[in-house]
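*Asks:* Data: entry-v6.cif, mmCIF, C-alpha atoms and all ligand atoms.
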data_protein
#
loop_
_atom_site.label_atom_id
_atom_site.label_comp_id
_atom_site.auth_asym_id
_atom_site.auth_seq_id
_atom_site.Cartn_x
_atom_site.Cartn_y
_atom_site.Cartn_z
CA MET A 28 -13.52 52.67 44.23
CA ASP A 29 -13.53 56.36 43.60
CA ALA A 30 -11.17 57.65 41.04
CA ASN A 31 -9.16 60.19 42.91
CA PHE A 32 -5.84 61.49 41.67
CA ASP A 33 -4.75 62.31 45.22
CA GLN A 34 -5.02 58.67 46.13
CA LEU A 35 -3.05 57.09 43.30
CA ASP A 36 -0.57 55.49 45.72
CA GLU A 37 -3.31 54.02 47.87
CA LEU A 38 -5.11 52.75 44.80
CA ARG A 39 -1.96 51.04 43.63
CA GLU A 40 -1.25 49.46 47.03
CA ALA A 41 -4.82 48.24 47.30
CA GLY A 42 -4.77 46.77 43.78
CA LEU A 43 -1.43 45.01 44.26
CA ALA A 44 -2.58 43.60 47.59
CA ARG A 45 -5.68 42.17 45.88
CA VAL A 46 -3.49 40.60 43.19
CA HIS A 47 -1.17 39.01 45.74
CA ALA A 48 -4.08 37.70 47.73
CA ALA A 49 -5.80 36.12 44.71
CA ALA A 50 -5.90 32.37 45.32
CA ASP A 51 -6.94 31.32 41.84
CA SER A 52 -7.46 32.62 38.34
CA ASP A 53 -11.09 33.58 39.05
CA ALA A 54 -10.04 35.90 41.85
CA LEU A 55 -7.38 37.35 39.58
CA ARG A 56 -9.91 37.94 36.85
CA LEU A 57 -12.08 39.94 39.26
CA VAL A 58 -9.24 42.33 40.12
CA GLU A 59 -8.47 42.67 36.44
CA ARG A 60 -12.04 43.66 35.69
CA GLU A 61 -12.29 46.08 38.59
CA PHE A 62 -9.10 47.95 37.73
CA LEU A 63 -8.36 47.59 34.04
CA GLU A 64 -11.54 47.10 32.08
CA LYS A 65 -14.39 49.32 30.93
CA GLY A 66 -15.89 51.08 33.92
CA GLY A 67 -12.90 50.14 36.06
CA VAL A 68 -10.66 52.29 38.25
CA VAL A 69 -8.17 53.23 35.53
CA ALA A 70 -10.90 54.05 33.04
CA ALA A 71 -12.58 56.29 35.64
CA LEU A 72 -9.31 58.13 36.28
CA LEU A 73 -8.77 58.71 32.56
CA ALA A 74 -12.33 60.01 32.26
CA GLU A 75 -11.54 62.58 34.96
CA ILE A 76 -8.56 64.05 33.14
CA PRO A 77 -10.46 66.63 31.06
CA LYS A 78 -11.89 68.01 34.29
CA LEU A 79 -8.45 68.66 35.73
CA ALA A 80 -6.74 72.01 35.57
CA PRO A 81 -4.76 72.06 32.26
CA GLU A 82 -1.36 72.05 34.00
CA LYS A 83 -2.36 68.95 36.03
CA ARG A 84 -3.59 66.86 33.08
CA ARG A 85 -0.24 65.52 31.93
CA GLU A 86 0.71 64.41 35.44
CA GLY A 87 -2.73 62.86 35.88
CA GLY A 88 -2.44 60.89 32.65
CA GLN A 89 0.97 59.56 33.60
CA GLY A 90 -0.25 58.58 37.05
CA ALA A 91 -3.22 56.69 35.65
CA ASN A 92 -1.02 54.86 33.13
CA GLN A 93 1.55 53.91 35.76
CA LEU A 94 -1.20 52.49 37.92
CA LYS A 95 -2.49 50.50 34.92
CA THR A 96 0.96 49.10 34.09
CA ALA A 97 1.72 48.18 37.70
CA ILE A 98 -1.54 46.25 38.09
CA GLN A 99 -1.19 44.64 34.65
CA ASN A 100 2.33 43.40 35.39
CA ALA A 101 1.39 42.10 38.81
CA ILE A 102 -1.56 40.19 37.34
CA GLY A 103 0.66 38.67 34.62
CA GLU A 104 3.22 37.45 37.16
CA LYS A 105 0.62 36.10 39.49
CA ARG A 106 -1.07 34.24 36.65
CA GLU A 107 2.18 32.45 35.80
CA ALA A 108 2.82 31.56 39.42
CA LEU A 109 -0.66 30.07 39.73
CA LEU A 110 -0.18 28.04 36.56
CA GLU A 111 3.14 26.68 37.73
CA ALA A 112 1.69 25.72 41.07
CA SER A 113 -1.18 23.87 39.43
CA LEU A 114 1.26 21.96 37.21
CA MET A 115 3.22 20.92 40.27
CA VAL A 116 0.08 19.63 41.89
CA GLU A 117 -0.82 17.75 38.75
CA ALA A 118 2.64 16.22 38.48
CA GLY A 119 2.80 14.77 41.92
CA GLY A 120 0.47 16.16 44.46
CA GLY A 121 1.38 18.83 46.95
CA SER A 122 4.56 17.04 47.94
CA PHE A 123 5.99 16.66 44.45
CA ASP A 124 9.74 16.61 44.68
CA PRO A 125 11.44 17.02 41.30
CA THR A 126 14.79 15.89 42.69
CA LEU A 127 13.63 12.37 43.54
CA PRO A 128 14.75 9.62 41.08
CA ALA A 129 12.03 8.40 38.69
CA ALA A 130 10.10 5.22 39.49
CA PRO A 131 12.04 2.26 38.05
CA MET A 132 10.90 1.11 34.60
CA GLU A 133 9.72 -2.47 34.40
CA ARG A 134 11.96 -4.27 31.94
CA GLY A 135 10.61 -7.11 29.88
CA SER A 136 12.67 -10.09 28.74
CA LEU A 137 13.06 -11.87 25.44
CA HIS A 138 10.64 -14.69 24.78
CA PRO A 139 12.29 -18.09 25.49
CA ILE A 140 11.88 -19.06 21.84
CA THR A 141 13.63 -15.87 20.74
CA GLN A 142 16.42 -16.59 23.20
CA VAL A 143 16.95 -20.15 22.04
CA THR A 144 16.70 -19.11 18.37
CA ARG A 145 19.54 -16.64 18.86
CA GLU A 146 21.59 -19.24 20.67
CA VAL A 147 21.04 -21.83 17.92
CA GLU A 148 21.95 -19.26 15.27
CA GLU A 149 25.17 -18.49 17.08
CA ILE A 150 26.17 -22.13 17.39
CA PHE A 151 25.57 -22.86 13.71
CA GLN A 152 27.20 -19.63 12.60
CA SER A 153 30.31 -20.75 14.47
CA MET A 154 30.19 -23.89 12.29
CA GLY A 155 30.09 -21.82 9.11
CA TYR A 156 26.34 -21.73 8.50
CA THR A 157 24.38 -18.78 7.12
CA VAL A 158 21.00 -17.93 8.67
CA LEU A 159 18.13 -17.70 6.17
CA ASP A 160 14.52 -16.63 6.41
CA GLY A 161 11.50 -17.68 4.37
CA PRO A 162 7.81 -16.85 3.96
CA GLU A 163 5.29 -18.15 6.50
CA VAL A 164 2.55 -18.13 3.89
CA GLU A 165 4.03 -20.49 1.35
CA LEU A 166 3.19 -21.93 -2.05
CA ASP A 167 2.06 -25.55 -2.14
CA PHE A 168 4.94 -26.03 -4.56
CA TYR A 169 7.61 -25.22 -1.96
CA ASN A 170 5.90 -26.69 1.09
CA PHE A 171 5.07 -30.00 -0.62
CA GLN A 172 5.60 -30.62 -4.33
CA ALA A 173 9.25 -29.64 -4.62
CA LEU A 174 9.91 -31.65 -1.46
CA ASN A 175 8.90 -34.80 -3.25
CA ILE A 176 5.33 -34.72 -1.90
CA PRO A 177 3.00 -34.55 -4.92
CA ALA A 178 -0.67 -33.65 -4.56
CA ASP A 179 -1.89 -37.21 -4.04
CA HIS A 180 0.93 -38.31 -1.75
CA PRO A 181 -0.20 -39.90 1.53
CA ALA A 182 2.59 -38.05 3.40
CA ARG A 183 0.42 -34.94 3.18
CA GLU A 184 -1.81 -36.49 5.78
CA HIS A 185 0.97 -36.35 8.37
CA GLN A 186 0.79 -32.60 8.39
CA ASP A 187 -2.70 -31.21 8.90
CA THR A 188 -2.47 -28.11 6.86
CA PHE A 189 -4.03 -24.66 7.08
CA TRP A 190 -4.97 -23.88 3.49
CA CYS A 191 -5.19 -20.21 2.59
CA ASP A 192 -7.10 -20.21 -0.68
CA HIS A 193 -9.71 -22.19 -2.60
CA GLU A 194 -7.32 -23.35 -5.28
CA GLN A 195 -5.15 -24.77 -2.51
CA ASN A 196 -2.01 -23.12 -3.83
CA LEU A 197 -1.19 -21.25 -0.63
CA VAL A 198 -0.61 -22.77 2.76
CA LEU A 199 0.64 -21.65 6.15
CA ARG A 200 3.92 -23.54 5.96
CA THR A 201 3.77 -26.78 7.92
CA GLN A 202 7.54 -27.00 8.21
CA THR A 203 10.66 -24.93 7.54
CA SER A 204 11.72 -27.39 4.82
CA PRO A 205 10.34 -25.28 1.91
CA VAL A 206 13.22 -22.89 2.52
CA GLN A 207 15.55 -25.74 1.47
CA ILE A 208 14.24 -25.29 -2.06
CA ARG A 209 14.36 -21.50 -1.87
CA ALA A 210 17.98 -21.72 -0.69
CA MET A 211 18.90 -24.06 -3.55
CA GLU A 212 17.32 -21.65 -6.02
CA THR A 213 19.30 -18.68 -4.82
CA LEU A 214 22.65 -19.97 -3.56
CA GLU A 215 25.53 -21.52 -5.45
CA PRO A 216 26.76 -24.82 -3.95
CA PRO A 217 28.60 -25.57 -1.79
CA PHE A 218 26.69 -23.89 1.05
CA ARG A 219 25.41 -24.45 4.59
CA VAL A 220 22.30 -22.76 5.88
CA ILE A 221 19.93 -22.89 8.80
CA VAL A 222 16.41 -21.53 8.79
CA PRO A 223 14.72 -20.85 12.11
CA GLY A 224 11.05 -19.91 11.95
CA ARG A 225 7.40 -20.33 12.79
CA VAL A 226 5.38 -23.20 11.34
CA PHE A 227 1.70 -24.02 11.54
CA ARG A 228 -0.40 -27.16 11.73
CA ASN A 229 -4.10 -27.62 12.15
CA GLU A 230 -3.74 -30.01 15.06
CA ALA A 231 -5.88 -30.71 18.06
CA LEU A 232 -4.33 -28.84 20.98
CA ASP A 233 -2.83 -30.75 23.87
CA ALA A 234 0.32 -30.52 25.97
CA THR A 235 2.54 -31.47 23.02
CA HIS A 236 0.58 -30.00 20.09
CA GLU A 237 0.02 -26.39 19.12
CA HIS A 238 -1.25 -24.74 15.93
CA THR A 239 1.91 -22.61 15.90
CA PHE A 240 5.36 -23.82 16.80
CA HIS A 241 8.97 -23.26 15.85
CA GLN A 242 11.52 -25.24 13.91
CA VAL A 243 15.01 -24.79 12.68
CA GLU A 244 15.90 -26.34 9.36
CA GLY A 245 19.45 -27.16 8.36
CA LEU A 246 20.76 -27.82 4.86
CA VAL A 247 24.30 -28.55 3.76
CA VAL A 248 25.04 -28.94 0.05
CA GLY A 249 28.48 -29.99 -1.10
CA GLU A 250 30.55 -32.68 -2.75
CA ASP A 251 30.46 -36.14 -1.14
CA ILE A 252 28.32 -35.12 1.81
CA ASN A 253 27.59 -38.12 4.03
CA VAL A 254 25.60 -39.39 7.01
CA GLY A 255 28.67 -39.33 9.27
CA GLN A 256 28.94 -35.59 8.81
CA LEU A 257 25.24 -35.22 9.54
CA ILE A 258 25.50 -37.13 12.82
CA GLY A 259 28.70 -35.32 13.79
CA THR A 260 27.02 -31.98 13.17
CA LEU A 261 23.97 -32.84 15.26
CA LYS A 262 26.12 -34.17 18.09
CA SER A 263 28.33 -31.06 18.17
CA PHE A 264 25.23 -28.93 18.18
CA LEU A 265 23.58 -30.87 21.02
CA THR A 266 26.75 -30.79 23.11
CA GLU A 267 26.79 -27.00 22.81
CA VAL A 268 23.10 -26.57 23.55
CA PHE A 269 22.97 -28.89 26.56
CA GLN A 270 26.50 -27.99 27.63
CA LYS A 271 27.38 -31.65 27.99
CA GLU A 272 28.12 -34.70 25.88
CA THR A 273 24.72 -35.91 24.64
CA ASP A 274 23.89 -39.47 23.60
CA VAL A 275 22.00 -39.78 20.34
CA ARG A 276 20.29 -42.70 18.67
CA LEU A 277 19.28 -42.94 15.02
CA ARG A 278 16.20 -44.79 13.84
CA PRO A 279 15.00 -45.08 10.27
CA GLY A 280 12.43 -42.35 9.66
CA PHE A 281 10.32 -41.57 6.65
CA PHE A 282 10.31 -38.08 5.17
CA PRO A 283 9.71 -37.98 1.40
CA PHE A 284 12.44 -35.38 0.86
CA VAL A 285 15.30 -37.43 2.31
CA GLU A 286 16.69 -40.84 1.48
CA PRO A 287 17.82 -42.41 3.71
CA GLY A 288 15.85 -40.64 6.42
CA PHE A 289 16.28 -40.82 10.17
CA GLU A 290 14.66 -39.88 13.38
CA VAL A 291 17.15 -38.78 16.00
CA ASP A 292 16.47 -39.53 19.65
CA ILE A 293 18.32 -38.13 22.64
CA ARG A 294 18.45 -39.35 26.22
CA CYS A 295 15.41 -38.26 28.21
CA PRO A 296 16.33 -35.11 30.13
CA PHE A 297 13.60 -35.77 32.70
CA CYS A 298 14.77 -39.12 34.05
CA ASP A 299 17.47 -41.81 34.15
CA THR A 300 15.36 -44.91 34.31
CA GLY A 301 12.18 -44.15 32.41
CA CYS A 302 9.22 -41.82 32.91
CA LYS A 303 5.99 -40.57 31.35
CA VAL A 304 7.77 -38.18 28.97
CA CYS A 305 9.91 -40.91 27.39
CA SER A 306 7.24 -43.66 27.72
CA ASP A 307 9.68 -45.57 29.93
CA THR A 308 12.27 -45.89 27.17
CA THR A 309 14.76 -43.20 28.39
CA TRP A 310 14.88 -41.91 24.81
CA VAL A 311 12.91 -38.96 23.42
CA GLU A 312 12.40 -38.08 19.79
CA TYR A 313 14.44 -35.07 18.91
CA CYS A 314 14.56 -34.35 15.19
CA GLY A 315 14.13 -35.59 11.66
CA CYS A 316 16.99 -35.68 9.19
CA GLY A 317 18.58 -37.49 6.29
CA MET A 318 20.34 -37.26 2.96
CA VAL A 319 18.47 -34.94 0.61
CA HIS A 320 16.58 -36.88 -2.07
CA PRO A 321 17.95 -36.33 -5.62
CA ASN A 322 14.44 -35.32 -6.75
CA VAL A 323 14.56 -32.48 -4.24
CA LEU A 324 17.99 -31.30 -5.39
CA ARG A 325 16.72 -31.30 -8.95
CA ALA A 326 13.56 -29.39 -7.98
CA GLY A 327 15.88 -26.77 -6.47
CA GLY A 328 17.90 -26.59 -9.71
CA ILE A 329 20.97 -28.40 -8.38
CA ASP A 330 22.90 -31.04 -10.33
CA SER A 331 22.28 -34.17 -8.24
CA GLU A 332 25.10 -36.06 -10.00
CA ARG A 333 27.66 -33.59 -8.80
CA TRP A 334 26.28 -32.39 -5.46
CA SER A 335 24.92 -34.20 -2.43
CA ALA A 336 23.31 -32.82 0.68
CA PHE A 337 22.02 -33.52 4.15
CA ALA A 338 19.13 -31.81 5.90
CA PHE A 339 17.66 -31.78 9.36
CA GLY A 340 14.65 -30.20 11.00
CA MET A 341 14.15 -29.79 14.71
CA GLY A 342 11.65 -28.25 17.05
CA LEU A 343 12.81 -25.18 18.94
CA ASP A 344 9.91 -25.32 21.39
CA ARG A 345 10.91 -28.91 22.17
CA LEU A 346 14.44 -27.84 22.77
CA VAL A 347 13.42 -25.26 25.38
CA MET A 348 11.00 -27.76 26.93
CA MET A 349 13.71 -30.37 27.34
CA ARG A 350 16.35 -27.99 28.57
CA ASN A 351 14.09 -26.24 31.06
CA LYS A 352 11.93 -29.22 31.95
CA ILE A 353 8.71 -27.62 30.78
CA ASP A 354 5.91 -30.11 30.26
CA ASP A 355 3.32 -28.08 28.33
CA LEU A 356 3.98 -26.73 24.85
CA ARG A 357 0.97 -24.42 25.04
CA GLN A 358 2.85 -22.16 27.46
CA PHE A 359 4.90 -20.70 24.62
CA MET A 360 2.06 -19.08 22.72
CA GLY A 361 -0.07 -18.53 25.81
CA GLY A 362 1.29 -15.13 26.80
CA ASP A 363 1.05 -15.81 30.53
CA LEU A 364 3.53 -13.40 32.11
CA ARG A 365 4.02 -15.62 35.14
CA PHE A 366 5.55 -18.15 32.75
CA LEU A 367 7.42 -15.72 30.51
CA GLU A 368 8.97 -13.70 33.33
CA GLN A 369 10.97 -16.72 34.43
CA PHE A 370 13.22 -16.44 31.38
N1 LIG A 401 10.35 -31.12 8.04
C1 LIG A 401 10.32 -32.31 8.83
C2 LIG A 401 9.19 -32.20 9.85
O1 LIG A 401 8.68 -31.13 10.06
C3 LIG A 401 11.63 -32.54 9.55
C4 LIG A 401 12.77 -32.85 8.63
C5 LIG A 401 13.54 -31.83 8.10
C6 LIG A 401 13.09 -34.14 8.30
C7 LIG A 401 14.61 -32.11 7.27
C8 LIG A 401 14.15 -34.44 7.48
C9 LIG A 401 14.91 -33.41 6.96
O2 LIG A 401 8.79 -33.17 10.45
#
Kindly transcribe the structure held in the file into structure tokens.
Ligand code: PHE

*Replies:*
Amino acid sequence: MDANFDQLDELREAGLARVHAAADSDALRLVEREFLEKGGVVAALLAEIPKLAPEKRREGGQGANQLKTAIQNAIGEKREALLEASLMVEAGGGSFDPTLPAAPMERGSLHPITQVTREVEEIFQSMGYTVLDGPEVELDFYNFQALNIPADHPAREHQDTFWCDHEQNLVLRTQTSPVQIRAMETLEPPFRVIVPGRVFRNEALDATHEHTFHQVEGLVVGEDINVGQLIGTLKSFLTEVFQKETDVRLRPGFFPFVEPGFEVDIRCPFCDTGCKVCSDTTWVEYCGCGMVHPNVLRAGGIDSERWSAFAFGMGLDRLVMMRNKIDDLRQFMGGDLRFLEQF
């Protein structure tokens, strides 16, 4: 384009039209080069100024600068408009409508074990219990020895244990019972605590056995604590959980840390007359419990002449299975959303 001071207006119109017509940043860049850079229209005009009559030079300089500013501004605006348009396209295609409501967020739900844990905590808290926590990697001392299970005791064979070190001092706790001892060490009697938590056993997997499952331990230490209170507590708890009066049956059960010890059965939730789950007896095993052995109280630093205690331990996975008629324990750790989304 010839640099001609008589045609400043035309030059400006032509330049602005090119800017408006530019469809992308490449086209814009071309106009920029042609008008504003070295060897461009504005530069050519400025180079002409010395050749003008002296009284025309000032006017010529102003004209060239106005042309430059007009094109510069137009390019800047157009660049922003192009950028905005490309963002719109990126955000939602050509038909992006910013006023539409966002796509609904998928909401997860609490794991059934978390749900039942909270429920159990609430029920026991309403009966005056405190909720405690304990380590999942536990010392042999707490998991076994202090619970009246010395190193050579055959009861150790009931709980296939994941050992964590060569000296066999550390285990993945096989039960929540070690927290009984930890509670005795830290709390002043009388007290009532429950301890929900994960436990681990090195068992062969099948529909009723998992390497990881969940228990809730209960411990009540006081003066003249007795079996009647233990049974009453379990019955009140079961009535709340199942929302109906629940039959229980006590059988003698052996756990080294209680004496006497019991296994508690409840009526089979799957049938009235006998089925596979209850081996045709209409009773299913529900939890272990008993009066805390004096050796255990002593190991926890409690005067066994003055204080007595009961303890119970029950499976939380079992509880959900019985309440919701689930027949495979492996579902809980399986992470299958089709299962979990039902809760
Ligand atoms: N810890 C025992 C188990 O895992 C259950 C239990 C707890 C029994 C407390 C008696 C008292 O089998």

*Asks:* Smallest atom-to-atom distance to A:Pro216: which of A:Ile329, A:Leu63, A:Leu174, A:Cys305, using only C-alpha atoms?

*Replies:*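 Closest residue, counting only C-alpha atoms: A:Ile329.
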
*Asks:* Closest to ligand LIG 401 (chain A) among A:Leu257, A:Ile252, A:Val319, A:Ala336, using all atoms listed in the file?

*Replies:*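 Once distances to ligand LIG 401 (chain A) are computed over all atoms listed in the file, the minimum belongs to A:Val319.
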
*Asks:* How would you write, as a ChimeraX atom specification, the set of residues no farther than 10 Å from ligand LIG 401 (chain A) when counting all atoms listed in the file?

*Replies:* /A:170,174,185-186,200-205,207,226,241-246,280-291,314-320,337-342

*Asks:* What does the structure give for the distance between atom CA of A:Phe264 and atom CA of A:Val248, in Å to one decimal?

*Replies:*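 Calculated distance between atom CA of A:Phe264 and atom CA of A:Val248 is 18.1 Å.
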
*Asks:* List the neighbours of stretch 108-117 of chain A out to 12 Å using all atoms listed in the file; skip same-chain residues closer than 4 positions along the sequence, and give me the result as a short mmCIF file (atom, residue, chain, number, x, y, z; two decimals) with C-alpha atoms, in the coordinates of the input.

*Replies:*
data_model
loop_
_atom_site.label_atom_id
_atom_site.label_comp_id
_atom_site.auth_asym_id
_atom_site.auth_seq_id
_atom_site.Cartn_x
_atom_site.Cartn_y
_atom_site.Cartn_z
CA VAL A 46 -3.49 40.60 43.19
CA HIS A 47 -1.17 39.01 45.74
CA ALA A 48 -4.08 37.70 47.73
CA ALA A 49 -5.80 36.12 44.71
CA ALA A 50 -5.90 32.37 45.32
CA ASP A 51 -6.94 31.32 41.84
CA SER A 52 -7.46 32.62 38.34
CA ASP A 53 -11.09 33.58 39.05
CA ALA A 54 -10.04 35.90 41.85
CA LEU A 55 -7.38 37.35 39.58
CA ALA A 101 1.39 42.10 38.81
CA ILE A 102 -1.56 40.19 37.34
CA GLY A 103 0.66 38.67 34.62
CA GLU A 104 3.22 37.45 37.16
CA GLY A 121 1.38 18.83 46.95
CA SER A 122 4.56 17.04 47.94
CA PHE A 123 5.99 16.66 44.45
CA ASP A 124 9.74 16.61 44.68
CA PRO A 125 11.44 17.02 41.30
#

*Asks:* Suppose you want the space between atom CA of A:Phe366 and atom CA of A:Val222; what is it in Å?

*Replies:*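 We find that atom CA of A:Phe366 and atom CA of A:Val222 lie 26.5 Å from each other.
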
*Asks:* Enter the distance from atom CA of A:Asn175 to atom CA of A:Phe151, in Å, rounded to one decimal.

*Replies:*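 Computing it gives 26.6 Å between the two atoms.
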
*Asks:* Could you give me, as a PDB file with C-alpha atoms, keeping the file's coordinate frame, the residues that have an atom at most 8 Å away from the point (18.9, -36.6, -8.6) in the coordinates of the file, using all atoms listed in the file?

*Replies:*
ATOM      1  CA  HIS A 320      16.580 -36.880  -2.070  1.00  0.00           C
ATOM      2  CA  PRO A 321      17.950 -36.330  -5.620  1.00  0.00           C
ATOM      3  CA  ASN A 322      14.440 -35.320  -6.750  1.00  0.00           C
ATOM      4  CA  VAL A 323      14.560 -32.480  -4.240  1.00  0.00           C
ATOM      5  CA  LEU A 324      17.990 -31.300  -5.390  1.00  0.00           C
ATOM      6  CA  ARG A 325      16.720 -31.300  -8.950  1.00  0.00           C
ATOM      7  CA  ASP A 330      22.900 -31.040 -10.330  1.00  0.00           C
ATOM      8  CA  SER A 331      22.280 -34.170  -8.240  1.00  0.00           C
ATOM      9  CA  GLU A 332      25.100 -36.060 -10.000  1.00  0.00           C
TER      10      GLU A 332
END

*Asks:* Do a neighbour search on A:Gln34 at 12 Å with all atoms listed in the file, toss out local chain neighbours closer than 5 positions, and write the hits as a compact mmCIF listing (two decimals) with C-alpha atoms, in the coordinates of the input.

*Replies:*
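Final output, saved to out03.txt:
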# COMPACT_ATOMS: atom_id res chain seq x y z
CA MET A 28 -13.52 52.67 44.23
CA ASP A 29 -13.53 56.36 43.60
CA ARG A 39 -1.96 51.04 43.63
CA GLU A 40 -1.25 49.46 47.03
CA ALA A 41 -4.82 48.24 47.30
CA VAL A 68 -10.66 52.29 38.25
CA LEU A 72 -9.31 58.13 36.28
CA GLY A 87 -2.73 62.86 35.88
CA GLY A 90 -0.25 58.58 37.05
CA ALA A 91 -3.22 56.69 35.65
CA LEU A 94 -1.20 52.49 37.92

*Asks:* Have a look at A:Glu59, A:Ala118, A:Glu133, A:Glu272 and name the one nearest to A:Arg106; count all atoms listed in the file.

*Replies:*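 Of A:Glu59, A:Ala118, A:Glu133, A:Glu272, the one nearest A:Arg106, counting all atoms listed in the file, is A:Glu59.
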
*Asks:* Please build the interface table for stretch 133-220 of chain A against stretch 231-238 of chain A with a cut-off of 10 Å, listing for each qualifying residue the nearest atom pair and the distance in Å to one decimal; count all atoms listed in the file, order rows by chain and increasing number, and write it as a tab-separated table.

*Replies:*
residue	atom	partner	partner_atom	distance
A:Asp187	CA	A:His238	CA	9.7
A:Thr188	CA	A:His238	CA	9.8
A:Phe189	CA	A:His238	CA	9.3
A:Thr201	CA	A:His238	CA	9.7

*Asks:* Using all atoms listed in the file, find all polymer residues with an atom at most 12 Å away from the point (2.9, -14.9, 5.9); report them as an MDAnalysis selection string.

*Replies:* chainID A and resid 160:166 191 197:200 224:227

*Asks:* Ranking A:Cys295, A:Leu367, A:Val206, A:Val268 by minimum distance to A:Lys352 and counting all atoms listed in the file, which one comes first?

*Replies:*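 Distance minimum relative to A:Lys352 lands on A:Cys295.
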
*Asks:* So that I can see what lies close to A:Arg350, please list as a list of chain:residue names the residues with an atom at most 9 Å from it, counting all atoms listed in the file and leaving out residues fewer than 3 positions away in the same chain.

*Replies:*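 Within the cut-off, the hits are A:Val268, A:Phe269, A:Pro296, A:Arg345, A:Leu346, A:Val347, A:Ile353.
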
*Asks:* Find, counting all atoms listed in the file, the residue in A:Arg278, A:Arg333, A:Lys78, A:Arg365 that gets nearest to A:Glu312.

*Replies:*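 The closest residue to A:Glu312 is A:Arg278.
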